Each structure stands twice: as C-alpha cells, then as structure tokens.
Amino acid sequence: MPCTPDHWHDMSMLDECHECTLCQRACPTGAIPDDRFLLRAERCIAFHNEHERDFPDWLRPEWHNALVGCMLCQKVCPVNKPVVDWIEDTCEFSEKETTQIIDQVSTERFSAGTLEKLKNKHFEVSISTLGRNLKALMIEKGIVNDRPSSDSQ
Ligand code: SF4
Ligand code: SF4
C-alpha cells in the first residue's frame, strides 16, 4: 500500500556500533556477518522458529533460547542495557495446558480459558510452532526427555 513518507530521521548506524562486536560474537549461527551490514536472515534462529517447517539440520539444539525468536544478540547489546530487564509475568499455563501446547492439539480441544490466554498473547494462530519450539526448549533444558501425551492428562 502506498503510504506517506514519515521518516523520523535518516538511516544511520548507532554510534555505539562503530567499536563494538558484542552482538556478532554472541550470535551462535553466524547470522551477523563482518563483510556486510545486513544480517544473514537465513542463518537467524528467529527466522526459523517463527516458521512451521522443520528446523534446519545445522541449527544446534543448544542454540534454542526463546519460545519465539532469539534474544542472544539483544541481551548483550549495551544500548539495550536500560531496557533488557523489562520483563513481565503476564500469564501462566498449567501442566495440562503446557502438554496440550507441546502436543499441538487442535484448538477445539483447548478449554475456553486456555484459548483466551493464547489469544491474549497472540499465540492462537501458531500453536504448532509454539508447541514445537516449547518442546525443543524443554528438551534442551533437560525438563523433559520426550513429552508426555496430553491424552494421559
Ligand atoms: S551489540 Fe549493540 S552496540 Fe554493539 S554492535 Fe551490536 S547493535 Fe551495535
Ligand atoms: S536473533 Fe539470534 S540468531 Fe538472529 S542474529 Fe541475533 S543472536 Fe543471531
């Protein structure tokens, strides 16, 4: 859609970036190259865990660090320091709900309350990616070896 140009200012690199490579060194996948400014999006964990398709073989399990996206380069950035702890606990899922999410059950099987929570977090449109990502994180953190079936709940 055409839109009215409304740039806040010309594009520019942060002053802090000129002498800093923290994000590049924190990125496990090599998505932040040193030979060009643009990220290699195809190497970014966020690119892969926001899609439904299988994770690529080169994406090591221990690199998973977020339910959706990846925060490794954000957390180390000195410019983010004042805001990096702006985290809120806004909802909680029971063991049964968590198991249903991991099992990627159809939305009809969620209770109205669970669906409401998922909708509030805008997760209801991507239950399958949410379940896959959560399972990958829980296995990586040693919380589960493999997931229990929601049928047993
Ligand atoms: S960590 Fe932050 S300040 Fe450092 S290069 Fe990356 S974006 Fe720039
Ligand atoms: S979000 Fe993660 S994978 Fe993507 S560039 Fe940052 S550290 Fe690398």
# chains A, B, ... in the order shown; residues from 1 in each chain; ligands from 1
$ residues_around --residues "segment 137-142 of chain A" --least-positions-apart "3" --cutoff "12 Å" --atoms "only C-alpha atoms" --output "ChimeraX atom specification"
/A:49,60-68,70,98-99,102,130-134,145-147
$ residues_near_ligand --ligand "ligand 2" --cutoff "8 Å" --atoms "only C-alpha atoms and all ligand atoms" --output "number ranges by chain"
A: 23-24, 26-32, 39-41, 43-47, 69-74
$ write_last_selection --atoms "C-alpha atoms" --output "tab-separated table (two decimals), in the first residue's frame"
chain	number	residue	atom	x	y	z
A	23	CYS	CA	26.21	-8.96	19.13
A	24	GLN	CA	28.27	-10.57	16.41
A	26	ALA	CA	27.07	-13.58	20.82
A	27	CYS	CA	25.30	-14.90	17.74
A	28	PRO	CA	25.81	-18.65	17.60
A	29	THR	CA	24.78	-19.10	13.98
A	30	GLY	CA	26.96	-16.58	12.19
A	31	ALA	CA	23.92	-14.56	11.17
A	32	ILE	CA	25.73	-11.28	11.81
A	39	LEU	CA	22.07	-9.76	8.64
A	40	ARG	CA	22.10	-13.15	7.02
A	41	ALA	CA	18.45	-13.71	7.81
A	43	ARG	CA	21.00	-18.02	9.45
A	44	CYS	CA	18.91	-16.29	12.13
A	45	ILE	CA	17.23	-18.54	14.70
A	46	ALA	CA	14.21	-16.21	14.77
A	47	PHE	CA	13.69	-16.75	11.03
A	69	GLY	CA	12.57	-15.53	18.22
A	70	CYS	CA	16.03	-15.27	19.73
A	71	MET	CA	17.43	-12.81	22.24
A	72	LEU	CA	21.12	-13.65	22.32
A	73	CYS	CA	22.31	-10.61	20.37
A	74	GLN	CA	19.79	-8.31	22.07
$ closest_atom_pairs --of "chain A" --to "ligand 1" --cutoff "7 Å" --atoms "only C-alpha atoms and all ligand atoms" --output "CSV"
residue,atom,partner,partner_atom_place_in_ligand_line,distance
A:Leu14,CA,ligand 1,8 (Fe),6.4
A:Glu16,CA,ligand 1,3 (S),4.6
A:Cys17,CA,ligand 1,8 (Fe),3.5
A:His18,CA,ligand 1,5 (S),6.9
A:Cys20,CA,ligand 1,4 (Fe),4.3
A:Thr21,CA,ligand 1,5 (S),4.7
A:Leu22,CA,ligand 1,1 (S),4.5
A:Cys23,CA,ligand 1,1 (S),4.0
A:Gln24,CA,ligand 1,6 (Fe),6.5
A:Cys73,CA,ligand 1,1 (S),6.5
A:Val76,CA,ligand 1,1 (S),5.9
A:Cys77,CA,ligand 1,1 (S),3.6
A:Pro78,CA,ligand 1,3 (S),5.7
A:Val79,CA,ligand 1,3 (S),5.7
$ write_last_selection --atoms "C-alpha atoms" --output "CSV table (one decimal), in the first residue's frame"
chain,number,residue,atom,x,y,z
A,14,LEU,CA,24.3,3.7,16.1
A,16,GLU,CA,27.9,2.5,19.8
A,17,CYS,CA,28.2,0.1,16.9
A,18,HIS,CA,31.4,1.5,15.5
A,20,CYS,CA,31.5,-2.9,19.2
A,21,THR,CA,31.2,-6.5,18.1
A,22,LEU,CA,29.3,-7.9,21.1
A,23,CYS,CA,26.2,-9.0,19.1
A,24,GLN,CA,28.3,-10.6,16.4
A,73,CYS,CA,22.3,-10.6,20.4
A,76,VAL,CA,24.5,-8.4,25.1
A,77,CYS,CA,23.9,-5.0,23.4
A,78,PRO,CA,25.0,-2.2,25.6
A,79,VAL,CA,22.3,0.1,24.1
$ closest_atom_pairs --of "segment 66-92 of chain A" --to "segment 112-119 of chain A" --cutoff "10 Å" --atoms "only C-alpha atoms" --output "JSON lines"
{"residue": "A:Thr90", "atom": "CA", "partner": "A:Lys117", "partner_atom": "CA", "distance": 9.6}
{"residue": "A:Cys91", "atom": "CA", "partner": "A:Lys117", "partner_atom": "CA", "distance": 7.2}
{"residue": "A:Glu92", "atom": "CA", "partner": "A:Lys117", "partner_atom": "CA", "distance": 8.5}
$ write_last_selection --atoms "C-alpha atoms" --output "compact mmCIF listing (two decimals), in the first residue's frame"
# COMPACT_ATOMS: atom_id res chain seq x y z
CA THR A 90 1.58 -11.87 32.38
CA CYS A 91 0.09 -15.35 32.36
CA GLU A 92 0.70 -18.89 33.44
$ select_by_dssp --residues "segment 7-147 of chain A" --states "helix (DSSP H, G or I)" --output "compact mmCIF listing (two decimals) with N, CA, C and O atoms, in the first residue's frame"
# COMPACT_ATOMS: atom_id res chain seq x y z
N ASP A 15 26.08 5.10 17.00
CA ASP A 15 27.49 5.41 17.32
C ASP A 15 28.15 4.26 18.06
O ASP A 15 29.31 3.93 17.83
N GLU A 16 27.37 3.62 18.94
CA GLU A 16 27.93 2.55 19.77
C GLU A 16 28.41 1.36 18.93
O GLU A 16 29.24 0.57 19.39
N CYS A 17 27.87 1.22 17.74
CA CYS A 17 28.21 0.05 16.92
C CYS A 17 29.60 0.16 16.28
O CYS A 17 30.15 -0.86 15.85
N HIS A 18 30.13 1.37 16.21
CA HIS A 18 31.39 1.54 15.46
C HIS A 18 32.54 0.75 16.06
O HIS A 18 33.38 0.25 15.34
N GLU A 19 32.56 0.65 17.37
CA GLU A 19 33.69 -0.04 18.02
C GLU A 19 33.21 -1.28 18.77
O GLU A 19 33.85 -1.70 19.72
N LEU A 22 29.88 -7.03 20.07
CA LEU A 22 29.29 -7.93 21.06
C LEU A 22 28.18 -8.81 20.46
O LEU A 22 28.11 -10.00 20.72
N CYS A 23 27.32 -8.19 19.68
CA CYS A 23 26.21 -8.96 19.13
C CYS A 23 26.73 -10.01 18.15
O CYS A 23 26.26 -11.16 18.13
N GLN A 24 27.71 -9.63 17.38
CA GLN A 24 28.27 -10.57 16.41
C GLN A 24 28.89 -11.77 17.12
O GLN A 24 28.71 -12.92 16.71
N ARG A 25 29.57 -11.50 18.22
CA ARG A 25 30.23 -12.59 18.94
C ARG A 25 29.22 -13.43 19.72
O ARG A 25 29.46 -14.60 19.98
N ALA A 26 28.08 -12.84 20.07
CA ALA A 26 27.07 -13.58 20.82
C ALA A 26 26.21 -14.46 19.92
O ALA A 26 25.60 -15.42 20.39
N ALA A 41 19.71 -13.30 7.18
CA ALA A 41 18.45 -13.71 7.81
C ALA A 41 18.26 -15.22 7.76
O ALA A 41 17.67 -15.81 8.68
N GLU A 42 18.76 -15.85 6.72
CA GLU A 42 18.57 -17.30 6.59
C GLU A 42 19.35 -18.06 7.66
O GLU A 42 19.12 -19.25 7.86
N ARG A 43 20.25 -17.38 8.37
CA ARG A 43 21.00 -18.02 9.45
C ARG A 43 20.42 -17.66 10.82
O ARG A 43 20.92 -18.13 11.84
N ILE A 45 18.11 -17.59 14.01
CA ILE A 45 17.23 -18.54 14.70
C ILE A 45 15.78 -18.06 14.64
O ILE A 45 14.86 -18.86 14.43
N ALA A 46 15.57 -16.76 14.79
CA ALA A 46 14.21 -16.21 14.77
C ALA A 46 13.51 -16.52 13.44
O ALA A 46 12.32 -16.83 13.39
N PHE A 47 14.26 -16.45 12.35
CA PHE A 47 13.69 -16.75 11.03
C PHE A 47 13.15 -18.18 11.00
O PHE A 47 12.11 -18.45 10.42
N HIS A 48 13.86 -19.07 11.65
CA HIS A 48 13.47 -20.49 11.59
C HIS A 48 12.43 -20.88 12.62
O HIS A 48 11.58 -21.71 12.34
N ASN A 49 12.48 -20.27 13.82
CA ASN A 49 11.49 -20.73 14.79
C ASN A 49 10.16 -19.99 14.68
O ASN A 49 9.22 -20.28 15.42
N PRO A 61 20.56 -27.90 18.76
CA PRO A 61 19.52 -27.82 19.81
C PRO A 61 19.89 -26.85 20.92
O PRO A 61 19.02 -26.15 21.45
N GLU A 62 21.16 -26.78 21.28
CA GLU A 62 21.55 -25.92 22.40
C GLU A 62 21.45 -24.44 22.06
O GLU A 62 21.60 -23.58 22.93
N TRP A 63 21.20 -24.09 20.82
CA TRP A 63 21.06 -22.69 20.44
C TRP A 63 19.66 -22.15 20.74
O TRP A 63 19.44 -20.94 20.76
N LEU A 72 19.70 -13.60 21.95
CA LEU A 72 21.12 -13.65 22.32
C LEU A 72 21.86 -12.37 21.95
O LEU A 72 22.66 -11.85 22.74
N CYS A 73 21.61 -11.84 20.76
CA CYS A 73 22.31 -10.61 20.37
C CYS A 73 21.73 -9.39 21.08
O CYS A 73 22.43 -8.42 21.35
N GLN A 74 20.43 -9.44 21.39
CA GLN A 74 19.79 -8.31 22.07
C GLN A 74 20.27 -8.15 23.50
O GLN A 74 20.45 -7.04 24.00
N LYS A 75 20.45 -9.31 24.15
CA LYS A 75 20.81 -9.26 25.58
C LYS A 75 22.18 -8.67 25.81
O LYS A 75 22.43 -8.10 26.87
N VAL A 76 23.10 -8.86 24.90
CA VAL A 76 24.46 -8.37 25.14
C VAL A 76 24.67 -6.93 24.69
O VAL A 76 25.70 -6.33 24.99
N PRO A 78 24.94 -3.19 24.58
CA PRO A 78 24.98 -2.16 25.63
C PRO A 78 23.88 -1.12 25.50
O PRO A 78 23.45 -0.52 26.49
N VAL A 79 23.40 -0.90 24.28
CA VAL A 79 22.33 0.08 24.08
C VAL A 79 21.02 -0.43 24.69
O VAL A 79 20.16 0.35 25.10
N ASN A 80 20.88 -1.72 24.77
CA ASN A 80 19.66 -2.30 25.34
C ASN A 80 19.71 -2.41 26.86
O ASN A 80 18.70 -2.76 27.48
N GLU A 95 0.15 -27.51 33.81
CA GLU A 95 0.86 -28.64 33.20
C GLU A 95 0.03 -29.23 32.06
O GLU A 95 0.55 -29.56 31.00
N LYS A 96 -1.27 -29.33 32.29
CA LYS A 96 -2.13 -29.90 31.24
C LYS A 96 -2.12 -29.00 29.99
O LYS A 96 -2.01 -29.48 28.86
N GLU A 97 -2.24 -27.70 30.22
CA GLU A 97 -2.23 -26.77 29.08
C GLU A 97 -0.90 -26.84 28.33
O GLU A 97 -0.85 -26.84 27.10
N THR A 98 0.17 -26.91 29.12
CA THR A 98 1.50 -26.97 28.50
C THR A 98 1.65 -28.23 27.66
O THR A 98 2.19 -28.20 26.55
N THR A 99 1.15 -29.34 28.19
CA THR A 99 1.23 -30.60 27.46
C THR A 99 0.41 -30.52 26.17
O THR A 99 0.84 -30.99 25.12
N GLN A 100 -0.76 -29.90 26.26
CA GLN A 100 -1.58 -29.74 25.05
C GLN A 100 -0.86 -28.90 24.00
O GLN A 100 -0.91 -29.20 22.81
N ILE A 101 -0.18 -27.85 24.46
CA ILE A 101 0.55 -26.98 23.52
C ILE A 101 1.68 -27.77 22.87
O ILE A 101 1.86 -27.74 21.65
N ILE A 102 2.43 -28.52 23.69
CA ILE A 102 3.54 -29.31 23.14
C ILE A 102 3.01 -30.35 22.16
O ILE A 102 3.62 -30.62 21.12
N THR A 107 -7.26 -26.74 18.12
CA THR A 107 -7.75 -25.68 19.00
C THR A 107 -9.07 -26.05 19.67
O THR A 107 -9.36 -25.57 20.77
N GLU A 108 -9.87 -26.94 19.03
CA GLU A 108 -11.15 -27.32 19.65
C GLU A 108 -10.93 -28.04 20.98
O GLU A 108 -11.83 -28.09 21.82
N ARG A 109 -9.75 -28.61 21.17
CA ARG A 109 -9.51 -29.37 22.40
C ARG A 109 -9.03 -28.49 23.55
O ARG A 109 -8.96 -28.94 24.68
N ALA A 112 -11.89 -22.95 26.91
CA ALA A 112 -12.09 -21.54 26.56
C ALA A 112 -11.06 -20.67 27.27
O ALA A 112 -10.53 -19.70 26.71
N GLY A 113 -10.74 -21.03 28.51
CA GLY A 113 -9.77 -20.24 29.28
C GLY A 113 -8.38 -20.31 28.68
O GLY A 113 -7.66 -19.31 28.60
N THR A 114 -7.99 -21.51 28.22
CA THR A 114 -6.67 -21.66 27.60
C THR A 114 -6.61 -20.86 26.30
O THR A 114 -5.64 -20.16 26.02
N LEU A 115 -7.67 -20.98 25.52
CA LEU A 115 -7.70 -20.25 24.25
C LEU A 115 -7.61 -18.75 24.48
O LEU A 115 -6.94 -18.02 23.73
N GLU A 116 -8.29 -18.29 25.52
CA GLU A 116 -8.26 -16.86 25.84
C GLU A 116 -6.83 -16.41 26.15
O GLU A 116 -6.37 -15.36 25.70
N LYS A 117 -6.14 -17.25 26.94
CA LYS A 117 -4.75 -16.90 27.27
C LYS A 117 -3.88 -16.88 26.02
O LYS A 117 -3.04 -15.99 25.84
N LEU A 118 -4.08 -17.88 25.17
CA LEU A 118 -3.28 -17.93 23.93
C LEU A 118 -3.58 -16.73 23.04
O LEU A 118 -2.67 -16.14 22.44
N LYS A 119 -4.87 -16.36 23.00
CA LYS A 119 -5.24 -15.20 22.17
C LYS A 119 -4.65 -13.92 22.72
O LYS A 119 -4.18 -13.05 21.97
N ASN A 120 -4.66 -13.80 24.03
CA ASN A 120 -4.10 -12.59 24.64
C ASN A 120 -2.63 -12.42 24.30
O ASN A 120 -2.10 -11.32 24.27
N GLU A 124 -2.56 -17.89 19.34
CA GLU A 124 -3.55 -18.85 18.86
C GLU A 124 -3.39 -19.17 17.37
O GLU A 124 -3.85 -20.19 16.91
N VAL A 125 -2.71 -18.31 16.64
CA VAL A 125 -2.55 -18.55 15.19
C VAL A 125 -1.35 -19.45 14.90
O VAL A 125 -1.14 -19.84 13.77
N SER A 126 -0.56 -19.74 15.90
CA SER A 126 0.65 -20.51 15.61
C SER A 126 0.91 -21.55 16.69
O SER A 126 2.03 -21.66 17.18
N ILE A 127 -0.13 -22.29 17.04
CA ILE A 127 0.02 -23.30 18.10
C ILE A 127 1.09 -24.32 17.72
O ILE A 127 1.87 -24.78 18.56
N SER A 128 1.15 -24.68 16.44
CA SER A 128 2.09 -25.74 16.06
C SER A 128 3.54 -25.28 16.23
O SER A 128 4.37 -26.02 16.74
N THR A 129 3.84 -24.04 15.84
CA THR A 129 5.21 -23.56 16.03
C THR A 129 5.50 -23.35 17.52
O THR A 129 6.59 -23.66 17.99
N LEU A 130 4.49 -22.88 18.24
CA LEU A 130 4.67 -22.69 19.68
C LEU A 130 4.99 -24.03 20.35
O LEU A 130 5.92 -24.13 21.16
N GLY A 131 4.23 -25.06 20.01
CA GLY A 131 4.45 -26.38 20.61
C GLY A 131 5.80 -26.95 20.23
O GLY A 131 6.53 -27.48 21.08
N ARG A 132 6.15 -26.84 18.97
CA ARG A 132 7.46 -27.34 18.53
C ARG A 132 8.60 -26.61 19.25
O ARG A 132 9.55 -27.23 19.74
N ASN A 133 8.50 -25.29 19.35
CA ASN A 133 9.56 -24.50 19.97
C ASN A 133 9.65 -24.78 21.48
O ASN A 133 10.75 -24.87 22.03
N LEU A 134 8.49 -24.90 22.12
CA LEU A 134 8.49 -25.17 23.55
C LEU A 134 9.11 -26.53 23.83
O LEU A 134 9.91 -26.69 24.75
N LYS A 135 8.76 -27.50 23.02
CA LYS A 135 9.32 -28.84 23.20
C LYS A 135 10.84 -28.81 23.02
O LYS A 135 11.59 -29.40 23.81
N ALA A 136 11.29 -28.11 22.00
CA ALA A 136 12.74 -28.02 21.76
C ALA A 136 13.45 -27.39 22.96
O ALA A 136 14.51 -27.84 23.39
N LEU A 137 12.83 -26.34 23.52
CA LEU A 137 13.43 -25.67 24.68
C LEU A 137 13.45 -26.58 25.90
O LEU A 137 14.44 -26.65 26.62
N MET A 138 12.34 -27.28 26.13
CA MET A 138 12.24 -28.13 27.32
C MET A 138 13.19 -29.31 27.24
O MET A 138 13.79 -29.71 28.23
N ILE A 139 13.35 -29.86 26.07
CA ILE A 139 14.32 -30.95 25.90
C ILE A 139 15.72 -30.43 26.13
O ILE A 139 16.54 -31.02 26.84
N GLU A 140 16.01 -29.26 25.55
CA GLU A 140 17.34 -28.69 25.68
C GLU A 140 17.67 -28.36 27.14
O GLU A 140 18.79 -28.52 27.59
$ atom_distance --atom1 "atom CA of His7 of chain A" --atom2 "atom CA of Lys121 of chain A"
29.6 Å
$ atom_distance --atom1 "atom CA of Phe93 of chain A" --atom2 "atom CA of Ile143 of chain A"
15.6 Å
$ atom_distance --atom1 "atom CA of Met1 of chain A" --atom2 "atom CA of His122 of chain A"
24.3 Å
